[in-house]
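J.: Please see the structure below; I have some questions.
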Amino acid sequence: MRLGLQGHGGGELHIAGPTQARPRATTTCCTSAALHSKKPSPQDDARANGSAARNEANSPAADGAAARAFLLIREAHKKGANIVLIQELFEGRYFCQAQRLDFFQHAKPYKGNPTIIRLQKLAEELEVVIPVSFFEEANNAHYNSVAIIDADGTDLGLYRKSHIPDGPGYQEKFYFNPGDTGFKAFKTKYATIGVGICWDQWFPECARAMVLQGAEILFYPTAIGSEPQDEGLDSREHWKRVMQGHAGANLVPLVASNRIGRETMETEHGNSTIKFFGNSFIAGPTGEIVKLANDKDEEVLVAEFDLDEIKSARHGSGIFRDRRPDLYKVLLTLDGEKS
């Protein structure tokens, strides 16, 4: 099986199957900013393009951003992509810098969501898999969610972001309830995938839960950058190392897609600005960074993995054979004290 992943700079992963090859798979993850894709080198043997979301001055939702994403998904397909990961909340700006009641009007129900329906049609037409990030309204609850669309347009189900951050510039608890779906693995036409959302990246339990359920590749659509309260704080290297650990600890490839560019939002305390640091990357199954984007340009990164070979190595490593779930009950507590 050949799997390609592209991100923000993101990247593309290709997976070649040995004897009985699985269907070819190429995945695209992308950043928000003006599209400036770097062509893969000839030896990369796989191609894709990135989608982008643009900033708009007065609204967290921007029709231009969604339209751009659709155009770039088509472009990605033309270049060989067949799993396309769009960034977190790709339809517009990252609105969680501010606590504003008017932004709730941009939430939409899961069922009948017009963006999901349009992407289902596009997925079926192009035979691509698309995890769709969106602001979900469920009666009086709201979630930061992803719907997984298979290559025939089938909606495989929903994941709701489990870990909700709350701090300057990232005030998600104002908008989102904690997710109640639990962590999942989705069997798509091209691979079984696990999708976490942004802050989920920092929790090893999330990655392990998805791989335990059969996820062969982990995906994290993201919106992370500077800290408005401390311009000197730069978490990009820590951010990468944490996810590299998830890949290595679970012996699976991992793809992280982030935004780039500067976004300013009017808040109740004046303007707040985040400079998203990009650095989308692909990590291999031992945690090594295979491809890495920069913090300024949208890029296309290509890497190649053999999922069956990785599966064999994962099984032979003993990492999952030697687990002791009976000793992990302390993980079910908040304070480390056994009940």
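Identifiers in this document derive from the order of the structure tokens: chains are assigned A, B, ..., residues are numbered from 1 separately in each chain, and ligands are numbered from 1 in order of occurrence.
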Neighbouring residues of segment 192-195 of chain A were defined as those with any atom within 9 Å, considering only C-alpha atoms; residues of the same chain fewer than 2 positions away were excluded. Please report them as number ranges by chain.

T.: A: 131, 146, 148, 159, 183-190, 197, 207, 210-211, 213-221

J.: Keeping C-alpha atoms for every residue in the selection just given, could you write it to a file as a tab-separated table (two decimals), in the first residue's frame?

T.:
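For reference, out13.tsv as written:
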```tsv
chain	number	residue	atom	x	y	z
A	131	PRO	CA	-11.20	14.04	7.75
A	146	VAL	CA	-13.88	15.87	12.91
A	148	ILE	CA	-14.20	11.06	8.68
A	159	TYR	CA	-14.62	12.27	16.69
A	183	PHE	CA	-10.80	7.90	20.89
A	184	LYS	CA	-11.39	5.95	17.69
A	185	ALA	CA	-9.75	4.19	14.76
A	186	PHE	CA	-11.44	4.51	11.38
A	187	LYS	CA	-11.01	1.85	8.71
A	188	THR	CA	-10.86	3.73	5.42
A	189	LYS	CA	-10.32	2.43	1.91
A	190	TYR	CA	-6.59	3.12	2.14
A	197	ILE	CA	-7.29	17.31	17.33
A	207	ALA	CA	-2.28	8.13	20.70
A	210	MET	CA	-6.10	4.90	18.84
A	211	VAL	CA	-3.28	2.50	18.00
A	213	GLN	CA	-7.83	-0.03	18.26
A	214	GLY	CA	-5.86	-0.63	15.06
A	215	ALA	CA	-4.80	2.81	13.83
A	216	GLU	CA	-1.86	2.47	11.43
A	217	ILE	CA	-1.23	6.19	11.05
A	218	LEU	CA	-1.99	9.06	13.43
A	219	PHE	CA	-3.21	12.44	12.19
A	220	TYR	CA	-3.37	15.69	14.14
A	221	PRO	CA	-4.95	18.76	12.50
```

J.: Would you compute the distance between atom CA of Cys96 of chain A and atom CA of Ser272 of chain A? Give it in Å to one decimal.

T.: 10.3 Å

J.: So which residues touch segment 228-242 of chain A within 7 Å, counting only C-alpha atoms, skipping near sequence neighbours fewer than 3 positions away, as number ranges by chain?

T.: A: 168-169, 202, 245-246, 272-274

J.: List every residue of segment 86-197 of chain A that DSSP, applied to the backbone, labels as strand (DSSP E or B), and write the result as a JSON list (two decimals) with all heavy atoms, in the first residue's frame.

T.:
```
[["chain", "number", "residue", "atom", "x", "y", "z"],
["A", 108, "LYS", "N", -22.41, 24.53, 13.44],
["A", 108, "LYS", "CA", -23.45, 23.86, 12.66],
["A", 108, "LYS", "C", -23.59, 22.41, 13.15],
["A", 108, "LYS", "O", -22.62, 21.81, 13.60],
["A", 108, "LYS", "CB", -23.11, 23.87, 11.17],
["A", 108, "LYS", "CG", -23.04, 25.25, 10.54],
["A", 108, "LYS", "CD", -22.72, 25.15, 9.06],
["A", 108, "LYS", "CE", -22.69, 26.54, 8.41],
["A", 108, "LYS", "NZ", -21.60, 27.37, 8.96],
["A", 129, "VAL", "N", -10.09, 10.13, 0.79],
["A", 129, "VAL", "CA", -10.54, 10.13, 2.18],
["A", 129, "VAL", "C", -10.27, 11.53, 2.76],
["A", 129, "VAL", "O", -9.18, 12.07, 2.58],
["A", 129, "VAL", "CB", -9.79, 9.07, 3.00],
["A", 129, "VAL", "CG1", -10.15, 9.17, 4.47],
["A", 129, "VAL", "CG2", -10.09, 7.68, 2.46],
["A", 130, "ILE", "N", -11.27, 12.09, 3.45],
["A", 130, "ILE", "CA", -11.13, 13.45, 3.98],
["A", 130, "ILE", "C", -11.63, 13.51, 5.42],
["A", 130, "ILE", "O", -12.84, 13.43, 5.65],
["A", 130, "ILE", "CB", -11.91, 14.48, 3.12],
["A", 130, "ILE", "CG1", -11.58, 14.35, 1.64],
["A", 130, "ILE", "CG2", -11.61, 15.90, 3.63],
["A", 130, "ILE", "CD1", -12.44, 15.24, 0.75],
["A", 131, "PRO", "N", -10.75, 13.68, 6.41],
["A", 131, "PRO", "CA", -11.20, 14.04, 7.75],
["A", 131, "PRO", "C", -11.58, 15.53, 7.75],
["A", 131, "PRO", "O", -10.76, 16.37, 7.40],
["A", 131, "PRO", "CB", -9.98, 13.77, 8.63],
["A", 131, "PRO", "CG", -9.07, 12.92, 7.79],
["A", 131, "PRO", "CD", -9.32, 13.36, 6.39],
["A", 132, "VAL", "N", -12.81, 15.83, 8.15],
["A", 132, "VAL", "CA", -13.33, 17.19, 8.03],
["A", 132, "VAL", "C", -13.47, 17.82, 9.42],
["A", 132, "VAL", "O", -14.32, 17.41, 10.22],
["A", 132, "VAL", "CB", -14.70, 17.20, 7.32],
["A", 132, "VAL", "CG1", -15.19, 18.63, 7.14],
["A", 132, "VAL", "CG2", -14.63, 16.48, 5.98],
["A", 133, "SER", "N", -12.68, 18.83, 9.70],
["A", 133, "SER", "CA", -12.74, 19.55, 10.97],
["A", 133, "SER", "C", -13.85, 20.60, 10.89],
["A", 133, "SER", "O", -13.97, 21.33, 9.90],
["A", 133, "SER", "CB", -11.39, 20.23, 11.24],
["A", 133, "SER", "OG", -11.47, 21.08, 12.36],
["A", 134, "PHE", "N", -14.66, 20.69, 11.97],
["A", 134, "PHE", "CA", -15.74, 21.69, 11.96],
["A", 134, "PHE", "C", -16.17, 22.03, 13.38],
["A", 134, "PHE", "O", -15.92, 21.28, 14.33],
["A", 134, "PHE", "CB", -16.93, 21.19, 11.14],
["A", 134, "PHE", "CG", -17.69, 20.03, 11.74],
["A", 134, "PHE", "CD1", -18.92, 20.22, 12.35],
["A", 134, "PHE", "CD2", -17.17, 18.74, 11.69],
["A", 134, "PHE", "CE1", -19.62, 19.16, 12.91],
["A", 134, "PHE", "CE2", -17.86, 17.66, 12.24],
["A", 134, "PHE", "CZ", -19.09, 17.88, 12.86],
["A", 135, "PHE", "N", -16.83, 23.18, 13.52],
["A", 135, "PHE", "CA", -17.38, 23.66, 14.78],
["A", 135, "PHE", "C", -18.80, 23.10, 14.87],
["A", 135, "PHE", "O", -19.69, 23.52, 14.13],
["A", 135, "PHE", "CB", -17.37, 25.19, 14.76],
["A", 135, "PHE", "CG", -17.83, 25.87, 16.03],
["A", 135, "PHE", "CD1", -18.04, 25.17, 17.22],
["A", 135, "PHE", "CD2", -18.04, 27.25, 16.04],
["A", 135, "PHE", "CE1", -18.45, 25.82, 18.38],
["A", 135, "PHE", "CE2", -18.45, 27.91, 17.18],
["A", 135, "PHE", "CZ", -18.66, 27.20, 18.35],
["A", 136, "GLU", "N", -19.00, 22.15, 15.79],
["A", 136, "GLU", "CA", -20.26, 21.40, 15.84],
["A", 136, "GLU", "C", -21.22, 21.95, 16.90],
["A", 136, "GLU", "O", -20.83, 22.20, 18.04],
["A", 136, "GLU", "CB", -19.98, 19.93, 16.15],
["A", 136, "GLU", "CG", -21.26, 19.08, 16.22],
["A", 136, "GLU", "CD", -21.04, 17.70, 16.80],
["A", 136, "GLU", "OE1", -19.88, 17.38, 17.17],
["A", 136, "GLU", "OE2", -22.02, 16.94, 16.89],
["A", 137, "GLU", "N", -22.48, 22.09, 16.51],
["A", 137, "GLU", "CA", -23.56, 22.40, 17.44],
["A", 137, "GLU", "C", -24.42, 21.17, 17.62],
["A", 137, "GLU", "O", -24.86, 20.57, 16.63],
["A", 137, "GLU", "CB", -24.41, 23.55, 16.93],
["A", 137, "GLU", "CG", -25.57, 23.93, 17.83],
["A", 137, "GLU", "CD", -26.40, 25.06, 17.27],
["A", 137, "GLU", "OE1", -27.32, 24.77, 16.46],
["A", 137, "GLU", "OE2", -26.13, 26.22, 17.61],
["A", 138, "ALA", "N", -24.63, 20.75, 18.86],
["A", 138, "ALA", "CA", -25.48, 19.59, 19.16],
["A", 138, "ALA", "C", -26.47, 20.01, 20.25],
["A", 138, "ALA", "O", -26.16, 19.94, 21.44],
["A", 138, "ALA", "CB", -24.64, 18.41, 19.62],
["A", 141, "ALA", "N", -25.11, 21.90, 23.26],
["A", 141, "ALA", "CA", -23.68, 21.60, 23.40],
["A", 141, "ALA", "C", -22.94, 21.99, 22.13],
["A", 141, "ALA", "O", -23.53, 22.08, 21.04],
["A", 141, "ALA", "CB", -23.48, 20.12, 23.70],
["A", 142, "HIS", "N", -21.65, 22.24, 22.28],
["A", 142, "HIS", "CA", -20.80, 22.59, 21.14],
["A", 142, "HIS", "C", -19.49, 21.83, 21.24],
["A", 142, "HIS", "O", -18.95, 21.65, 22.34],
["A", 142, "HIS", "CB", -20.53, 24.10, 21.11],
["A", 142, "HIS", "CG", -21.75, 24.92, 20.87],
["A", 142, "HIS", "ND1", -22.63, 25.24, 21.89],
["A", 142, "HIS", "CD2", -22.26, 25.45, 19.73],
["A", 142, "HIS", "CE1", -23.63, 25.96, 21.39],
["A", 142, "HIS", "NE2", -23.42, 26.11, 20.09],
["A", 143, "TYR", "N", -18.99, 21.39, 20.09],
["A", 143, "TYR", "CA", -17.78, 20.56, 20.07],
["A", 143, "TYR", "C", -16.83, 21.00, 18.95],
["A", 143, "TYR", "O", -17.25, 21.55, 17.93],
["A", 143, "TYR", "CB", -18.14, 19.09, 19.85],
["A", 143, "TYR", "CG", -19.03, 18.50, 20.92],
["A", 143, "TYR", "CD1", -20.41, 18.40, 20.72],
["A", 143, "TYR", "CD2", -18.51, 18.06, 22.13],
["A", 143, "TYR", "CE1", -21.24, 17.86, 21.70],
["A", 143, "TYR", "CE2", -19.32, 17.52, 23.12],
["A", 143, "TYR", "CZ", -20.69, 17.43, 22.89],
["A", 143, "TYR", "OH", -21.50, 16.91, 23.87],
["A", 144, "ASN", "N", -15.56, 20.73, 19.16],
["A", 144, "ASN", "CA", -14.54, 20.86, 18.13],
["A", 144, "ASN", "C", -14.40, 19.46, 17.55],
["A", 144, "ASN", "O", -13.82, 18.57, 18.18],
["A", 144, "ASN", "CB", -13.23, 21.34, 18.77],
["A", 144, "ASN", "CG", -12.15, 21.66, 17.76],
["A", 144, "ASN", "OD1", -12.19, 21.21, 16.63],
["A", 144, "ASN", "ND2", -11.16, 22.44, 18.19],
["A", 145, "SER", "N", -14.91, 19.23, 16.36],
["A", 145, "SER", "CA", -15.13, 17.87, 15.87],
["A", 145, "SER", "C", -14.48, 17.61, 14.52],
["A", 145, "SER", "O", -14.14, 18.54, 13.77],
["A", 145, "SER", "CB", -16.64, 17.60, 15.76],
["A", 145, "SER", "OG", -17.27, 17.74, 17.01],
["A", 146, "VAL", "N", -14.34, 16.33, 14.21],
["A", 146, "VAL", "CA", -13.88, 15.87, 12.91],
["A", 146, "VAL", "C", -14.79, 14.74, 12.43],
["A", 146, "VAL", "O", -15.02, 13.77, 13.17],
["A", 146, "VAL", "CB", -12.42, 15.36, 12.96],
["A", 146, "VAL", "CG1", -12.05, 14.63, 11.67],
["A", 146, "VAL", "CG2", -11.45, 16.51, 13.18],
["A", 147, "ALA", "N", -15.31, 14.88, 11.22],
["A", 147, "ALA", "CA", -16.06, 13.80, 10.57],
["A", 147, "ALA", "C", -15.12, 13.13, 9.57],
["A", 147, "ALA", "O", -14.41, 13.82, 8.83],
["A", 147, "ALA", "CB", -17.29, 14.35, 9.85],
["A", 148, "ILE", "N", -15.10, 11.81, 9.56],
["A", 148, "ILE", "CA", -14.20, 11.06, 8.68],
["A", 148, "ILE", "C", -14.97, 10.60, 7.46],
["A", 148, "ILE", "O", -15.89, 9.78, 7.56],
["A", 148, "ILE", "CB", -13.59, 9.84, 9.40],
["A", 148, "ILE", "CG1", -13.02, 10.25, 10.77],
["A", 148, "ILE", "CG2", -12.51, 9.20, 8.52],
["A", 148, "ILE", "CD1", -11.92, 11.26, 10.72],
["A", 149, "ILE", "N", -14.60, 11.11, 6.30],
["A", 149, "ILE", "CA", -15.29, 10.78, 5.05],
["A", 149, "ILE", "C", -14.43, 9.80, 4.25],
["A", 149, "ILE", "O", -13.28, 10.11, 3.93],
["A", 149, "ILE", "CB", -15.57, 12.04, 4.21],
["A", 149, "ILE", "CG1", -16.25, 13.12, 5.06],
["A", 149, "ILE", "CG2", -16.40, 11.68, 2.99],
["A", 149, "ILE", "CD1", -17.54, 12.66, 5.72],
["A", 155, "ASP", "N", -19.83, 8.63, 5.28],
["A", 155, "ASP", "CA", -19.43, 9.23, 6.55],
["A", 155, "ASP", "C", -19.17, 8.09, 7.54],
["A", 155, "ASP", "O", -20.09, 7.40, 7.96],
["A", 155, "ASP", "CB", -20.55, 10.14, 7.06],
["A", 155, "ASP", "CG", -20.17, 10.90, 8.32],
["A", 155, "ASP", "OD1", -19.18, 10.52, 8.96],
["A", 155, "ASP", "OD2", -20.87, 11.87, 8.66],
["A", 156, "LEU", "N", -17.91, 7.90, 7.90],
["A", 156, "LEU", "CA", -17.52, 6.79, 8.78],
["A", 156, "LEU", "C", -17.77, 7.07, 10.25],
["A", 156, "LEU", "O", -17.71, 6.16, 11.07],
["A", 156, "LEU", "CB", -16.05, 6.45, 8.56],
["A", 156, "LEU", "CG", -15.67, 5.93, 7.18],
["A", 156, "LEU", "CD1", -14.18, 5.66, 7.12],
["A", 156, "LEU", "CD2", -16.46, 4.68, 6.82],
["A", 157, "GLY", "N", -18.04, 8.31, 10.59],
["A", 157, "GLY", "CA", -18.29, 8.62, 11.98],
["A", 157, "GLY", "C", -17.63, 9.90, 12.42],
["A", 157, "GLY", "O", -16.96, 10.60, 11.66],
["A", 158, "LEU", "N", -17.80, 10.18, 13.70],
["A", 158, "LEU", "CA", -17.42, 11.47, 14.28],
["A", 158, "LEU", "C", -16.45, 11.29, 15.43],
["A", 158, "LEU", "O", -16.58, 10.37, 16.23],
["A", 158, "LEU", "CB", -18.70, 12.14, 14.81],
["A", 158, "LEU", "CG", -18.59, 13.54, 15.42],
["A", 158, "LEU", "CD1", -18.36, 14.57, 14.31],
["A", 158, "LEU", "CD2", -19.87, 13.87, 16.19],
["A", 159, "TYR", "N", -15.46, 12.16, 15.49],
["A", 159, "TYR", "CA", -14.62, 12.27, 16.69],
["A", 159, "TYR", "C", -14.74, 13.69, 17.22],
["A", 159, "TYR", "O", -14.62, 14.66, 16.46],
["A", 159, "TYR", "CB", -13.15, 11.96, 16.39],
["A", 159, "TYR", "CG", -12.27, 12.33, 17.57],
["A", 159, "TYR", "CD1", -12.35, 11.61, 18.76],
["A", 159, "TYR", "CD2", -11.42, 13.43, 17.52],
["A", 159, "TYR", "CE1", -11.58, 11.97, 19.87],
["A", 159, "TYR", "CE2", -10.65, 13.79, 18.62],
["A", 159, "TYR", "CZ", -10.75, 13.06, 19.80],
["A", 159, "TYR", "OH", -10.02, 13.42, 20.89],
["A", 160, "ARG", "N", -14.97, 13.80, 18.53],
["A", 160, "ARG", "CA", -15.05, 15.10, 19.19],
["A", 160, "ARG", "C", -13.81, 15.30, 20.06],
["A", 160, "ARG", "O", -13.46, 14.42, 20.86],
["A", 160, "ARG", "CB", -16.32, 15.18, 20.05],
["A", 160, "ARG", "CG", -17.59, 15.26, 19.22],
["A", 160, "ARG", "CD", -18.84, 15.07, 20.08],
["A", 160, "ARG", "NE", -20.06, 15.39, 19.33],
["A", 160, "ARG", "CZ", -21.28, 15.03, 19.70],
["A", 160, "ARG", "NH1", -21.45, 14.33, 20.84],
["A", 160, "ARG", "NH2", -22.33, 15.37, 18.98],
["A", 167, "GLY", "N", -6.52, 29.19, 27.85],
["A", 167, "GLY", "CA", -5.44, 30.08, 28.23],
["A", 167, "GLY", "C", -5.44, 31.26, 27.27],
["A", 167, "GLY", "O", -6.19, 31.27, 26.29],
["A", 170, "TYR", "N", -6.01, 30.96, 23.43],
["A", 170, "TYR", "CA", -6.55, 29.63, 23.12],
["A", 170, "TYR", "C", -7.69, 29.32, 24.10],
["A", 170, "TYR", "O", -7.64, 28.37, 24.87],
["A", 170, "TYR", "CB", -5.45, 28.57, 23.22],
["A", 170, "TYR", "CG", -4.27, 28.86, 22.31],
["A", 170, "TYR", "CD1", -3.19, 29.63, 22.76],
["A", 170, "TYR", "CD2", -4.23, 28.40, 21.00],
["A", 170, "TYR", "CE1", -2.12, 29.92, 21.93],
["A", 170, "TYR", "CE2", -3.16, 28.69, 20.16],
["A", 170, "TYR", "CZ", -2.11, 29.45, 20.63],
["A", 170, "TYR", "OH", -1.04, 29.74, 19.81],
["A", 186, "PHE", "N", -10.51, 4.57, 12.49],
["A", 186, "PHE", "CA", -11.44, 4.51, 11.38],
["A", 186, "PHE", "C", -10.82, 3.72, 10.23],
["A", 186, "PHE", "O", -9.75, 4.09, 9.73],
["A", 186, "PHE", "CB", -11.80, 5.92, 10.90],
["A", 186, "PHE", "CG", -12.49, 6.76, 11.95],
["A", 186, "PHE", "CD1", -11.75, 7.55, 12.82],
["A", 186, "PHE", "CD2", -13.87, 6.77, 12.05],
["A", 186, "PHE", "CE1", -12.38, 8.33, 13.77],
["A", 186, "PHE", "CE2", -14.51, 7.54, 13.00],
["A", 186, "PHE", "CZ", -13.77, 8.33, 13.87],
["A", 187, "LYS", "N", -11.51, 2.68, 9.80],
["A", 187, "LYS", "CA", -11.01, 1.85, 8.71],
["A", 187, "LYS", "C", -11.46, 2.47, 7.38],
["A", 187, "LYS", "O", -12.62, 2.37, 7.00],
["A", 187, "LYS", "CB", -11.53, 0.42, 8.83],
["A", 187, "LYS", "CG", -10.91, -0.55, 7.83],
["A", 187, "LYS", "CD", -11.35, -1.97, 8.10],
["A", 187, "LYS", "CE", -10.75, -2.95, 7.10],
["A", 187, "LYS", "NZ", -9.28, -2.94, 7.11],
["A", 192, "THR", "N", -6.23, 2.21, 8.06],
["A", 192, "THR", "CA", -6.95, 2.47, 9.30],
["A", 192, "THR", "C", -6.25, 3.65, 9.99],
["A", 192, "THR", "O", -5.05, 3.59, 10.25],
["A", 192, "THR", "CB", -6.96, 1.25, 10.22],
["A", 192, "THR", "OG1", -7.60, 0.17, 9.55],
["A", 192, "THR", "CG2", -7.72, 1.55, 11.51],
["A", 193, "ILE", "N", -7.01, 4.70, 10.23],
["A", 193, "ILE", "CA", -6.39, 5.93, 10.72],
["A", 193, "ILE", "C", -6.98, 6.35, 12.07],
["A", 193, "ILE", "O", -8.13, 6.05, 12.39],
["A", 193, "ILE", "CB", -6.55, 7.08, 9.71],
["A", 193, "ILE", "CG1", -8.04, 7.47, 9.53],
["A", 193, "ILE", "CG2", -5.92, 6.71, 8.38],
["A", 193, "ILE", "CD1", -8.24, 8.71, 8.66],
["A", 194, "GLY", "N", -6.17, 7.03, 12.85],
["A", 194, "GLY", "CA", -6.62, 7.66, 14.08],
["A", 194, "GLY", "C", -6.44, 9.15, 13.95],
["A", 194, "GLY", "O", -5.41, 9.62, 13.44],
["A", 195, "VAL", "N", -7.44, 9.91, 14.38],
["A", 195, "VAL", "CA", -7.37, 11.37, 14.27],
["A", 195, "VAL", "C", -7.61, 11.99, 15.65],
["A", 195, "VAL", "O", -8.66, 11.78, 16.25],
["A", 195, "VAL", "CB", -8.41, 11.92, 13.27],
["A", 195, "VAL", "CG1", -8.27, 13.44, 13.15],
["A", 195, "VAL", "CG2", -8.25, 11.26, 11.90]]
```

J.: What is the atom CA of Gly284 of chain A to atom CA of Arg324 of chain A distance in Å?

T.: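 Value for the atom CA of Gly284 of chain A-atom CA of Arg324 of chain A distance: 25.4 Å.
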
J.: Restricting the calculation to only C-alpha atoms, which member of A:Leu101, A:Glu304, A:Leu212, A:Gln120 is positioned closest to Phe70 of chain A?

T.: A:Gln120

J.: Could you jot down the atom CA of Asp200 of chain A to atom CA of Gln171 of chain A separation for me, Å, one decimal place?

T.: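 Computed distance, atom CA of Asp200 of chain A to atom CA of Gln171 of chain A, equals 15.1 Å.
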
J.: Hey, what does DSSP flag as helix (DSSP H, G or I) within segment 98-339 of chain A? Can you give it to me as an MDAnalysis selection string?

T.: chainID A and resid 101:106 114:126 172:174 198:202 204:212 236:250 307:317 325:327 329:332

J.: Compare A:Glu266, A:Asp297, A:Glu124, A:Glu227 by their minimum atom-to-atom distance to Gly278 of chain A, counting only C-alpha atoms, and give me the closest one.

T.: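 Going through A:Glu266, A:Asp297, A:Glu124, A:Glu227 one by one, the smallest distance to Gly278 of chain A is for A:Asp297.
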
J.: Residues of segment 177-272 of chain A that approach segment 75-88 of chain A to 7 Å or less, counting only C-alpha atoms: could you list each one with the shortest pair of atoms and its distance in Å to one decimal, rows by chain and increasing residue number, as JSON lines?

T.:
```
{"residue": "A:Pro221", "atom": "CA", "partner": "A:Gln87", "partner_atom": "CA", "distance": 4.7}
{"residue": "A:Thr222", "atom": "CA", "partner": "A:Glu88", "partner_atom": "CA", "distance": 5.0}
{"residue": "A:Ala223", "atom": "CA", "partner": "A:Glu88", "partner_atom": "CA", "distance": 6.1}
{"residue": "A:Ser257", "atom": "CA", "partner": "A:Gln87", "partner_atom": "CA", "distance": 6.1}
{"residue": "A:Asn258", "atom": "CA", "partner": "A:Gln87", "partner_atom": "CA", "distance": 6.3}
```

J.: Please identify all polymer residues within 12 Å of segment 287-289 of chain A, counting only C-alpha atoms, omitting same-chain residues fewer than 2 positions from it, and present them as a PyMOL selection string.

T.: chain A and resi 10-11+13+237+240-256+279-285+291-293+301-303

J.: Between A:Gly92, A:Gly316, A:Pro114, A:Gly225, which is the closest to Arg259 of chain A once you count only C-alpha atoms?

T.: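 Going through A:Gly92, A:Gly316, A:Pro114, A:Gly225 one by one, the smallest distance to Arg259 of chain A is for A:Gly225.
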
J.: Using only C-alpha atoms, find the one residue out of A:Pro204, A:Gly261, A:Pro165, A:Gly153 that sits nearest to Glu298 of chain A.

T.: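 Of the candidates, the smallest distance to Glu298 of chain A is held by A:Gly261.
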